[in-house]
Amino acid sequence: MENVTSLLTVNNLTKKFGGVQALTGVSFTVEAGEILGLIGPNGAGKTTCFNLINGLIPPTAGSIMMAGRELLGLPPYHRAARGLARTFQNIQLFGGMTVQENILTGNHLSQKVGILQALLPLPKVRRAQAQAAGRALELLRLVGLEGKGDLPADSLAYGDQRRLEIGRALALGPQLLLLDEPAAGLNPRETEDLMVLLEELRRLGITLLVIEHDMTLVMGLCDRIVVLDHGEVIAAGPPREIRRDPRVIEAYLGKEEE
Amino acid sequence: MTAYLLHLAILAGIYIILTVSLNLIIGYAGQVSLGHAAFYGIGAYASALVALHWHFPFPLAALSAMLAAGVCGMALGLPTLRLKEDYLAIVTLGFGVIMDLVFLNLEITGGPDGLAGIPSPALFGLSFRPTGRYLIIVAVAVILVLLVTWRLVESYHGRALRAIRDHEITAQVMGINTPAYKVVIFTLAAALAGLAGSLYAHYITFINPESFGLHTSILILAMVVLGGMGSIVGSVAGAVILTALPELLREFRSYQDLVYGALLVGLLILRPEGLLGKGKLSLKFLQRES
């Protein structure tokens, strides 16, 4: 399993919150180009896992390598610069901004104009602005929010807000995108549209690590699935194996009475 | 009468610079600062001292003021901007009180007597002592400051600041180096306040600690809140209105503070986002996390 070409290698990741053991020795890899599902019952430690990969909290032990380089110790904005983007379970848009500005925020790292330069009306500044605006427009089209760029972000319908958050993460130009329950709160039609979008992202070469409870999406989309329960990996493999795995069924439905 | 109006215009200009710079910290980057007058004072004293002791001409004295205030802003910002809002409020408040005591007790600042005889600016033999001419200097400074802040907040750096204000953690996840931005904006705002201090010192030609205490910090904050968080035009309006208002209320002399206070409270009830602002004053630092 130890593959040097893995895009992400999580090794023996452990996190304690005071006396609570949130994650215990979690190890898995994400291969470039695949869609990996991270599932498990509520409280299994899935979002904690994302927060650790992302650098929002430090682990108690373990290591996280991305493209062969250690991520631990780096603040979130340096991890973003390495090509790591994410969305949040409870949508976290910049409410005071328009839809387009939210996307442009994701473009932050690719704008290389210093603070002093930005103060001057240089052609370089205008070019960078025009480029960013063009790119934002492409992304709006990709996530299906064309024509809504000037609306305040918090005025969007719920499903659109989810799509906007994905668009903003994509503006980073990520290699690896972490999606925390992207289908939560979506109706079946919106979920279908989301699956189309995620397929499109796969086609564009973006690797996805997805936390999701919607089994249609997980089973239909993921190449492999890692199952967490009580902070430990209890199973990993392709969807058809996971579906039949007795430990997974037990974790979700409880043990059968003998 | 005209001279008096010119005097008010100069004061309004100085307050515009102070208000716009504080708005960068509070309204754009979403950080709390309750000690902005300290940087105003550092600028005023630095400018006065280099002019009095080393005979720096005004432009150099003003630059020294910006440098001194900026360095102090950075020195305060580097260790403290990692703090959460409530702690940052206390630290900046404390810094303001400490600087006030420093001005009051140092020998070089003249203690409670302050510094007198600060030279008026003169360029190529032309004195800018007359109020009308000094207004030109202030107007040029205000225009430059407005231009710089406007370009800044309209650039993607300004967007990064607003992202930090809206959601600091999400901003980090989007690749924004939030500690660096906070320190830079705090330093810039302090330097601009230093410029305002220099303009004040060389206009009044006499300074003492009274002008740079807590009440001045609160007044600048009131101007930001009245004009609106995150609005440059609002800051200009807030500074002008709160400079003029006490003068307009002069006839009610003994009730002046009462009316003034009532107007502010009324505005905050009817329009909490300020006259032209987009966001409300963040009072999160007053709420305990549960």
# chains A, B, ... in the order shown; residues from 1 in each chain; ligands from 1

$ interface_residues --of "chain B" --to "chain A" --cutoff "8 Å" --atoms "only C-alpha atoms" --output "PyMOL selection string"
chain B and resi 148+151-152+155-157+159-160+162-163+166-167+169-170+172-177+278-279

$ write_last_selection --atoms "C-alpha atoms" --output "compact mmCIF listing (two decimals), in the first residue's frame"
# COMPACT_ATOMS: atom_id res chain seq x y z
CA VAL B 148 -3.93 55.11 -1.03
CA ARG B 151 -6.70 51.75 -4.09
CA LEU B 152 -5.83 49.35 -1.29
CA SER B 155 -7.46 45.70 -4.75
CA TYR B 156 -7.43 41.98 -4.04
CA HIS B 157 -5.57 42.80 -0.85
CA ARG B 159 -10.74 41.65 -0.53
CA ALA B 160 -8.38 39.51 1.54
CA ARG B 162 -12.69 41.61 4.16
CA ALA B 163 -12.35 37.82 3.97
CA ASP B 166 -16.00 37.73 7.55
CA HIS B 167 -14.36 34.37 8.39
CA ILE B 169 -10.37 30.49 9.37
CA THR B 170 -11.96 30.21 5.95
CA GLN B 172 -6.69 30.93 5.86
CA VAL B 173 -8.04 27.89 4.07
CA MET B 174 -8.32 29.99 0.90
CA GLY B 175 -4.58 30.68 1.12
CA ILE B 176 -4.69 34.09 2.77
CA ASN B 177 -1.79 34.65 5.18
CA LYS B 278 -21.99 47.82 5.13
CA GLY B 279 -21.31 45.91 8.32

$ residues_around --residues "Leu188 of chain B" --least-positions-apart "6" --cutoff "12 Å" --atoms "only C-alpha atoms" --output "list of chain:residue names"
A:Ile115, A:Leu116, B:Ile17, B:Leu18, B:Val20, B:Ser21, B:Leu22, B:Asn23, B:Leu24, B:Ile25, B:Phe39, B:Met66, B:Leu67, B:Ala68, B:Ala69, B:Gly70, B:Val71, B:Cys72, B:Gly73, B:Met74, B:Gly77, B:Val145, B:Val148, B:Thr149, B:Leu152, B:Tyr181, B:Lys182, B:Gly194, B:Leu195

$ write_last_selection --atoms "C-alpha atoms" --output "tab-separated table (two decimals), in the first residue's frame"
chain	number	residue	atom	x	y	z
A	115	ILE	CA	0.63	45.86	-1.70
A	116	LEU	CA	2.64	48.84	-2.92
B	17	ILE	CA	-7.00	60.64	8.27
B	18	LEU	CA	-7.40	59.18	11.77
B	20	VAL	CA	-9.99	56.27	7.67
B	21	SER	CA	-6.90	54.60	9.13
B	22	LEU	CA	-8.82	53.15	12.09
B	23	ASN	CA	-11.52	51.96	9.70
B	24	LEU	CA	-8.86	49.90	7.87
B	25	ILE	CA	-8.29	47.98	11.11
B	39	PHE	CA	-0.22	56.30	17.40
B	66	MET	CA	4.88	57.91	10.11
B	67	LEU	CA	7.95	55.77	10.62
B	68	ALA	CA	7.88	56.04	14.42
B	69	ALA	CA	4.15	55.32	14.65
B	70	GLY	CA	4.41	52.54	12.07
B	71	VAL	CA	7.26	50.82	13.92
B	72	CYS	CA	5.33	51.06	17.19
B	73	GLY	CA	2.24	49.69	15.44
B	74	MET	CA	4.23	46.75	14.12
B	77	GLY	CA	0.83	44.06	16.29
B	145	VAL	CA	-4.38	59.13	2.20
B	148	VAL	CA	-3.93	55.11	-1.03
B	149	THR	CA	-6.67	53.56	1.11
B	152	LEU	CA	-5.83	49.35	-1.29
B	181	TYR	CA	-2.16	40.84	6.58
B	182	LYS	CA	-3.20	41.83	10.07
B	194	GLY	CA	1.30	59.19	12.89
B	195	LEU	CA	0.94	61.43	9.84

$ closest_residue --among "A:Gly185, A:Gly237, A:Pro152, A:Gly167" --to "Asn90 of chain A" --atoms "only C-alpha atoms"
A:Gly185

$ residues_around --residues "segment 199-216 of chain A" --least-positions-apart "4" --cutoff "8 Å" --atoms "only C-alpha atoms" --output "list in words"
Val30, Glu31, Ala32, Gly33, Glu34, Ile35, Leu36, Gly37, Leu38, Ile39, Gly40, Lys46, Thr47, Pro174, Gln175, Leu176, Leu177, Leu178, Leu179, Asp180, Glu181, Pro182, Ala183, Ala184, Met195, Gly220 and Leu221 of chain A

$ write_last_selection --atoms "C-alpha atoms" --output "PDB file, in the first residue's frame"
ATOM      1  CA  VAL A  30      -5.495   9.141  -1.700  1.00  0.00           C
ATOM      2  CA  GLU A  31      -4.191   8.382  -5.191  1.00  0.00           C
ATOM      3  CA  ALA A  32      -3.936  11.122  -7.780  1.00  0.00           C
ATOM      4  CA  GLY A  33      -7.034  11.344  -9.954  1.00  0.00           C
ATOM      5  CA  GLU A  34      -9.347   9.241  -7.805  1.00  0.00           C
ATOM      6  CA  ILE A  35     -12.446  10.070  -5.816  1.00  0.00           C
ATOM      7  CA  LEU A  36     -12.096   8.694  -2.326  1.00  0.00           C
ATOM      8  CA  GLY A  37     -15.111   8.561  -0.037  1.00  0.00           C
ATOM      9  CA  LEU A  38     -14.715   8.989   3.705  1.00  0.00           C
ATOM     10  CA  ILE A  39     -17.798   7.648   5.452  1.00  0.00           C
ATOM     11  CA  GLY A  40     -18.885   6.583   8.895  1.00  0.00           C
ATOM     12  CA  LYS A  46     -14.492  12.437   9.674  1.00  0.00           C
ATOM     13  CA  THR A  47     -14.510  16.229   9.967  1.00  0.00           C
ATOM     14  CA  PRO A 174      -6.248  22.672  -6.164  1.00  0.00           C
ATOM     15  CA  GLN A 175      -4.677  19.282  -6.758  1.00  0.00           C
ATOM     16  CA  LEU A 176      -6.688  17.834  -3.910  1.00  0.00           C
ATOM     17  CA  LEU A 177     -10.150  19.045  -2.944  1.00  0.00           C
ATOM     18  CA  LEU A 178     -11.696  18.039   0.379  1.00  0.00           C
ATOM     19  CA  LEU A 179     -15.500  18.135   0.283  1.00  0.00           C
ATOM     20  CA  ASP A 180     -17.261  17.939   3.646  1.00  0.00           C
ATOM     21  CA  GLU A 181     -20.795  16.632   3.023  1.00  0.00           C
ATOM     22  CA  PRO A 182     -21.373  18.460  -0.272  1.00  0.00           C
ATOM     23  CA  ALA A 183     -24.827  16.891  -0.686  1.00  0.00           C
ATOM     24  CA  ALA A 184     -26.086  17.738   2.810  1.00  0.00           C
ATOM     25  CA  MET A 195     -22.652  14.259  -9.026  1.00  0.00           C
ATOM     26  CA  GLY A 220     -22.140   5.898  -7.464  1.00  0.00           C
ATOM     27  CA  LEU A 221     -19.136   8.176  -7.542  1.00  0.00           C
TER      28      LEU A 221
END

$ select_by_dssp --residues "segment 140-254 of chain A" --states "strand (DSSP E or B)" --output "list in words"
Pro152, Leu176, Leu177, Leu178, Leu179, Asp180, Thr207, Leu208, Leu209, Val210, Ile211, Arg224, Ile225, Val226, Val227, Leu228, Asp229, Glu232, Val233, Ile234, Ala235, Ala236 and Gly237 of chain A

$ write_last_selection --atoms "N, CA and C atoms" --output "CSV table (one decimal), in the first residue's frame"
chain,number,residue,atom,x,y,z
A,152,PRO,N,-25.4,39.3,-3.7
A,152,PRO,CA,-24.7,39.0,-2.4
A,152,PRO,C,-24.7,37.5,-2.2
A,176,LEU,N,-5.8,18.7,-4.8
A,176,LEU,CA,-6.7,17.8,-3.9
A,176,LEU,C,-7.8,18.7,-3.3
A,177,LEU,N,-9.0,18.3,-3.5
A,177,LEU,CA,-10.1,19.0,-2.9
A,177,LEU,C,-10.9,18.2,-1.9
A,178,LEU,N,-11.0,18.7,-0.7
A,178,LEU,CA,-11.7,18.0,0.4
A,178,LEU,C,-13.1,18.6,0.4
A,179,LEU,N,-14.1,17.7,0.3
A,179,LEU,CA,-15.5,18.1,0.3
A,179,LEU,C,-16.2,17.5,1.5
A,180,ASP,N,-16.6,18.4,2.4
A,180,ASP,CA,-17.3,17.9,3.6
A,180,ASP,C,-18.8,18.0,3.5
A,207,THR,N,-8.2,15.7,-7.8
A,207,THR,CA,-8.5,14.5,-6.9
A,207,THR,C,-9.4,15.0,-5.8
A,208,LEU,N,-10.4,14.1,-5.5
A,208,LEU,CA,-11.4,14.5,-4.5
A,208,LEU,C,-11.4,13.5,-3.3
A,209,LEU,N,-11.5,14.1,-2.1
A,209,LEU,CA,-11.7,13.3,-0.9
A,209,LEU,C,-13.0,13.8,-0.3
A,210,VAL,N,-14.0,12.9,-0.3
A,210,VAL,CA,-15.4,13.4,0.0
A,210,VAL,C,-15.9,12.7,1.3
A,211,ILE,N,-16.3,13.5,2.2
A,211,ILE,CA,-17.1,13.0,3.3
A,211,ILE,C,-18.6,13.1,2.9
A,224,ARG,N,-12.9,4.4,-4.3
A,224,ARG,CA,-12.7,3.7,-3.1
A,224,ARG,C,-13.3,4.4,-2.0
A,225,ILE,N,-13.5,3.6,-0.9
A,225,ILE,CA,-14.2,4.2,0.3
A,225,ILE,C,-13.4,3.8,1.5
A,226,VAL,N,-13.2,4.7,2.4
A,226,VAL,CA,-12.6,4.5,3.7
A,226,VAL,C,-13.7,4.7,4.8
A,227,VAL,N,-13.9,3.7,5.7
A,227,VAL,CA,-14.9,3.8,6.7
A,227,VAL,C,-14.3,4.0,8.0
A,228,LEU,N,-14.8,5.1,8.7
A,228,LEU,CA,-14.3,5.4,10.0
A,228,LEU,C,-15.4,5.1,11.0
A,229,ASP,N,-15.0,4.5,12.2
A,229,ASP,CA,-16.0,4.4,13.3
A,229,ASP,C,-15.2,4.5,14.6
A,232,GLU,N,-11.5,5.1,14.3
A,232,GLU,CA,-10.6,4.2,13.7
A,232,GLU,C,-11.1,3.7,12.3
A,233,VAL,N,-10.1,3.4,11.4
A,233,VAL,CA,-10.5,2.9,10.1
A,233,VAL,C,-11.0,1.4,10.3
A,234,ILE,N,-12.2,1.1,10.0
A,234,ILE,CA,-12.7,-0.2,10.1
A,234,ILE,C,-12.8,-1.0,8.8
A,235,ALA,N,-12.7,-0.2,7.7
A,235,ALA,CA,-12.7,-0.9,6.4
A,235,ALA,C,-12.3,0.1,5.3
A,236,ALA,N,-11.7,-0.5,4.3
A,236,ALA,CA,-11.3,0.4,3.1
A,236,ALA,C,-11.4,-0.5,1.9
A,237,GLY,N,-11.9,0.1,0.8
A,237,GLY,CA,-11.9,-0.7,-0.4
A,237,GLY,C,-12.9,-0.1,-1.4

$ closest_residue --among "A:Arg69, A:Arg141, A:Lys15, A:His230" --to "Phe50 of chain A" --atoms "only C-alpha atoms"
A:Lys15

$ select_by_dssp --residues "segment 52-206 of chain A" --states "alpha helix (DSSP H)" --output "MDAnalysis selection string"
chainID A and resid 52:54 76:81 99:106 115:118 123:142 158:170 188:203

$ closest_residue --among "A:Asp154, A:Glu250, A:Glu241, A:Asp160" --to "Leu186 of chain A" --atoms "only C-alpha atoms"
A:Asp160

$ atom_distance --atom1 "atom CA of Thr60 of chain A" --atom2 "atom CA of Ile164 of chain B"
27.6 Å

$ closest_residue --among "B:Leu52, B:Leu147, B:Ala237, B:Leu242" --to "Ile220 of chain B" --atoms "only C-alpha atoms"
B:Leu242

$ residues_around --residues "Leu81 of chain B" --least-positions-apart "6" --cutoff "9 Å" --atoms "only C-alpha atoms" --output "MDAnalysis selection string"
chainID B and resid 31 88 179 182:183 186

$ write_last_selection --atoms "C-alpha atoms" --output "mmCIF file, in the first residue's frame"
data_model
loop_
_atom_site.group_PDB
_atom_site.id
_atom_site.type_symbol
_atom_site.label_atom_id
_atom_site.label_comp_id
_atom_site.auth_asym_id
_atom_site.auth_seq_id
_atom_site.Cartn_x
_atom_site.Cartn_y
_atom_site.Cartn_z
ATOM 1 C CA GLN B 31 -9.910 43.678 14.286
ATOM 2 C CA LEU B 88 -6.959 42.448 21.449
ATOM 3 C CA PRO B 179 -1.283 37.013 10.474
ATOM 4 C CA LYS B 182 -3.199 41.833 10.075
ATOM 5 C CA VAL B 183 0.288 43.049 10.989
ATOM 6 C CA PHE B 186 -2.080 47.511 11.657
#

$ residues_around --residues "Val225 of chain B" --least-positions-apart "2" --cutoff "8 Å" --atoms "only C-alpha atoms" --output "number ranges by chain"
B: 221-223, 227-229, 238, 273-274, 281

$ write_last_selection --atoms "C-alpha atoms" --output "mmCIF file, in the first residue's frame"
data_model
loop_
_atom_site.group_PDB
_atom_site.id
_atom_site.type_symbol
_atom_site.label_atom_id
_atom_site.label_comp_id
_atom_site.auth_asym_id
_atom_site.auth_seq_id
_atom_site.Cartn_x
_atom_site.Cartn_y
_atom_site.Cartn_z
ATOM 1 C CA LEU B 221 -13.912 55.086 17.088
ATOM 2 C CA ALA B 222 -17.212 57.007 17.277
ATOM 3 C CA MET B 223 -16.407 58.663 13.932
ATOM 4 C CA GLY B 227 -19.797 56.929 9.279
ATOM 5 C CA GLY B 228 -19.998 53.198 8.830
ATOM 6 C CA MET B 229 -17.707 50.223 9.126
ATOM 7 C CA GLY B 238 -18.212 60.618 10.280
ATOM 8 C CA GLU B 273 -24.368 49.868 10.434
ATOM 9 C CA GLY B 274 -23.598 53.602 10.520
ATOM 10 C CA LEU B 281 -19.727 47.116 14.658
#

$ atom_distance --atom1 "atom CA of Val97 of chain B" --atom2 "atom CA of Glu210 of chain B"
11.7 Å

$ decode --residues "segment 190-204 of chain B" --atoms "all heavy atoms" --output "PDB file, in the first residue's frame"
ATOM      1  N   ALA B 190      -1.294  52.586  11.749  1.00  0.00           N
ATOM      2  CA  ALA B 190      -0.543  53.324  12.763  1.00  0.00           C
ATOM      3  C   ALA B 190       0.279  54.430  12.101  1.00  0.00           C
ATOM      4  O   ALA B 190       0.325  55.565  12.594  1.00  0.00           O
ATOM      5  CB  ALA B 190       0.368  52.376  13.540  1.00  0.00           C
ATOM      6  N   ALA B 191       0.894  54.114  10.961  1.00  0.00           N
ATOM      7  CA  ALA B 191       1.708  55.115  10.261  1.00  0.00           C
ATOM      8  C   ALA B 191       0.840  56.291   9.810  1.00  0.00           C
ATOM      9  O   ALA B 191       1.246  57.457   9.920  1.00  0.00           O
ATOM     10  CB  ALA B 191       2.416  54.478   9.069  1.00  0.00           C
ATOM     11  N   LEU B 192      -0.364  56.004   9.313  1.00  0.00           N
ATOM     12  CA  LEU B 192      -1.262  57.083   8.873  1.00  0.00           C
ATOM     13  C   LEU B 192      -1.698  57.933  10.066  1.00  0.00           C
ATOM     14  O   LEU B 192      -1.779  59.163   9.972  1.00  0.00           O
ATOM     15  CB  LEU B 192      -2.481  56.506   8.150  1.00  0.00           C
ATOM     16  CG  LEU B 192      -2.195  55.835   6.798  1.00  0.00           C
ATOM     17  CD1 LEU B 192      -3.473  55.310   6.170  1.00  0.00           C
ATOM     18  CD2 LEU B 192      -1.497  56.799   5.850  1.00  0.00           C
ATOM     19  N   ALA B 193      -1.956  57.275  11.201  1.00  0.00           N
ATOM     20  CA  ALA B 193      -2.300  58.031  12.408  1.00  0.00           C
ATOM     21  C   ALA B 193      -1.120  58.913  12.807  1.00  0.00           C
ATOM     22  O   ALA B 193      -1.302  60.052  13.271  1.00  0.00           O
ATOM     23  CB  ALA B 193      -2.670  57.080  13.543  1.00  0.00           C
ATOM     24  N   GLY B 194       0.105  58.397  12.609  1.00  0.00           N
ATOM     25  CA  GLY B 194       1.303  59.185  12.889  1.00  0.00           C
ATOM     26  C   GLY B 194       1.371  60.433  12.019  1.00  0.00           C
ATOM     27  O   GLY B 194       1.726  61.529  12.481  1.00  0.00           O
ATOM     28  N   LEU B 195       0.982  60.274  10.753  1.00  0.00           N
ATOM     29  CA  LEU B 195       0.935  61.427   9.841  1.00  0.00           C
ATOM     30  C   LEU B 195      -0.049  62.473  10.360  1.00  0.00           C
ATOM     31  O   LEU B 195       0.239  63.680  10.376  1.00  0.00           O
ATOM     32  CB  LEU B 195       0.526  60.954   8.439  1.00  0.00           C
ATOM     33  CG  LEU B 195       0.240  62.042   7.405  1.00  0.00           C
ATOM     34  CD1 LEU B 195       1.521  62.816   7.088  1.00  0.00           C
ATOM     35  CD2 LEU B 195      -0.348  61.449   6.133  1.00  0.00           C
ATOM     36  N   ALA B 196      -1.212  62.002  10.812  1.00  0.00           N
ATOM     37  CA  ALA B 196      -2.212  62.922  11.375  1.00  0.00           C
ATOM     38  C   ALA B 196      -1.624  63.652  12.574  1.00  0.00           C
ATOM     39  O   ALA B 196      -1.830  64.864  12.743  1.00  0.00           O
ATOM     40  CB  ALA B 196      -3.475  62.156  11.769  1.00  0.00           C
ATOM     41  N   GLY B 197      -0.868  62.931  13.402  1.00  0.00           N
ATOM     42  CA  GLY B 197      -0.240  63.541  14.565  1.00  0.00           C
ATOM     43  C   GLY B 197       0.734  64.632  14.168  1.00  0.00           C
ATOM     44  O   GLY B 197       0.770  65.715  14.777  1.00  0.00           O
ATOM     45  N   SER B 198       1.506  64.365  13.127  1.00  0.00           N
ATOM     46  CA  SER B 198       2.462  65.361  12.636  1.00  0.00           C
ATOM     47  C   SER B 198       1.734  66.610  12.143  1.00  0.00           C
ATOM     48  O   SER B 198       2.118  67.743  12.463  1.00  0.00           O
ATOM     49  CB  SER B 198       3.287  64.737  11.504  1.00  0.00           C
ATOM     50  OG  SER B 198       4.099  65.710  10.912  1.00  0.00           O
ATOM     51  N   LEU B 199       0.657  66.407  11.384  1.00  0.00           N
ATOM     52  CA  LEU B 199      -0.123  67.539  10.868  1.00  0.00           C
ATOM     53  C   LEU B 199      -0.679  68.369  12.030  1.00  0.00           C
ATOM     54  O   LEU B 199      -0.692  69.599  11.979  1.00  0.00           O
ATOM     55  CB  LEU B 199      -1.286  67.034   9.993  1.00  0.00           C
ATOM     56  CG  LEU B 199      -0.897  66.472   8.631  1.00  0.00           C
ATOM     57  CD1 LEU B 199      -2.088  65.773   7.985  1.00  0.00           C
ATOM     58  CD2 LEU B 199      -0.385  67.588   7.721  1.00  0.00           C
ATOM     59  N   TYR B 200      -1.103  67.687  13.077  1.00  0.00           N
ATOM     60  CA  TYR B 200      -1.659  68.380  14.246  1.00  0.00           C
ATOM     61  C   TYR B 200      -0.571  69.187  14.962  1.00  0.00           C
ATOM     62  O   TYR B 200      -0.744  70.371  15.254  1.00  0.00           O
ATOM     63  CB  TYR B 200      -2.294  67.360  15.190  1.00  0.00           C
ATOM     64  CG  TYR B 200      -2.861  67.969  16.447  1.00  0.00           C
ATOM     65  CD1 TYR B 200      -4.091  68.628  16.433  1.00  0.00           C
ATOM     66  CD2 TYR B 200      -2.165  67.900  17.657  1.00  0.00           C
ATOM     67  CE1 TYR B 200      -4.611  69.196  17.581  1.00  0.00           C
ATOM     68  CE2 TYR B 200      -2.680  68.466  18.809  1.00  0.00           C
ATOM     69  CZ  TYR B 200      -3.904  69.110  18.763  1.00  0.00           C
ATOM     70  OH  TYR B 200      -4.417  69.668  19.901  1.00  0.00           O
ATOM     71  N   ALA B 201       0.571  68.530  15.212  1.00  0.00           N
ATOM     72  CA  ALA B 201       1.650  69.174  15.980  1.00  0.00           C
ATOM     73  C   ALA B 201       2.136  70.450  15.297  1.00  0.00           C
ATOM     74  O   ALA B 201       2.314  71.482  15.947  1.00  0.00           O
ATOM     75  CB  ALA B 201       2.806  68.195  16.172  1.00  0.00           C
ATOM     76  N   HIS B 202       2.349  70.406  14.000  1.00  0.00           N
ATOM     77  CA  HIS B 202       2.912  71.565  13.302  1.00  0.00           C
ATOM     78  C   HIS B 202       1.855  72.626  13.006  1.00  0.00           C
ATOM     79  O   HIS B 202       2.186  73.732  12.604  1.00  0.00           O
ATOM     80  CB  HIS B 202       3.610  71.126  12.008  1.00  0.00           C
ATOM     81  CG  HIS B 202       4.828  70.304  12.271  1.00  0.00           C
ATOM     82  ND1 HIS B 202       6.092  70.833  12.327  1.00  0.00           N
ATOM     83  CD2 HIS B 202       4.958  68.981  12.549  1.00  0.00           C
ATOM     84  CE1 HIS B 202       6.965  69.864  12.607  1.00  0.00           C
ATOM     85  NE2 HIS B 202       6.295  68.740  12.744  1.00  0.00           N
ATOM     86  N   TYR B 203       0.596  72.272  13.203  1.00  0.00           N
ATOM     87  CA  TYR B 203      -0.465  73.262  13.046  1.00  0.00           C
ATOM     88  C   TYR B 203      -0.675  74.011  14.355  1.00  0.00           C
ATOM     89  O   TYR B 203      -0.607  75.238  14.407  1.00  0.00           O
ATOM     90  CB  TYR B 203      -1.765  72.594  12.596  1.00  0.00           C
ATOM     91  CG  TYR B 203      -2.961  73.507  12.647  1.00  0.00           C
ATOM     92  CD1 TYR B 203      -2.969  74.686  11.887  1.00  0.00           C
ATOM     93  CD2 TYR B 203      -4.066  73.204  13.431  1.00  0.00           C
ATOM     94  CE1 TYR B 203      -4.058  75.540  11.940  1.00  0.00           C
ATOM     95  CE2 TYR B 203      -5.157  74.047  13.470  1.00  0.00           C
ATOM     96  CZ  TYR B 203      -5.146  75.221  12.735  1.00  0.00           C
ATOM     97  OH  TYR B 203      -6.220  76.052  12.788  1.00  0.00           O
ATOM     98  N   ILE B 204      -0.901  73.277  15.429  1.00  0.00           N
ATOM     99  CA  ILE B 204      -1.160  73.907  16.734  1.00  0.00           C
ATOM    100  C   ILE B 204       0.135  74.482  17.308  1.00  0.00           C
ATOM    101  O   ILE B 204       0.111  75.414  18.101  1.00  0.00           O
ATOM    102  CB  ILE B 204      -1.781  72.869  17.711  1.00  0.00           C
ATOM    103  CG1 ILE B 204      -3.056  72.265  17.099  1.00  0.00           C
ATOM    104  CG2 ILE B 204      -2.089  73.476  19.058  1.00  0.00           C
ATOM    105  CD1 ILE B 204      -4.256  73.172  17.077  1.00  0.00           C
TER     106      ILE B 204
END
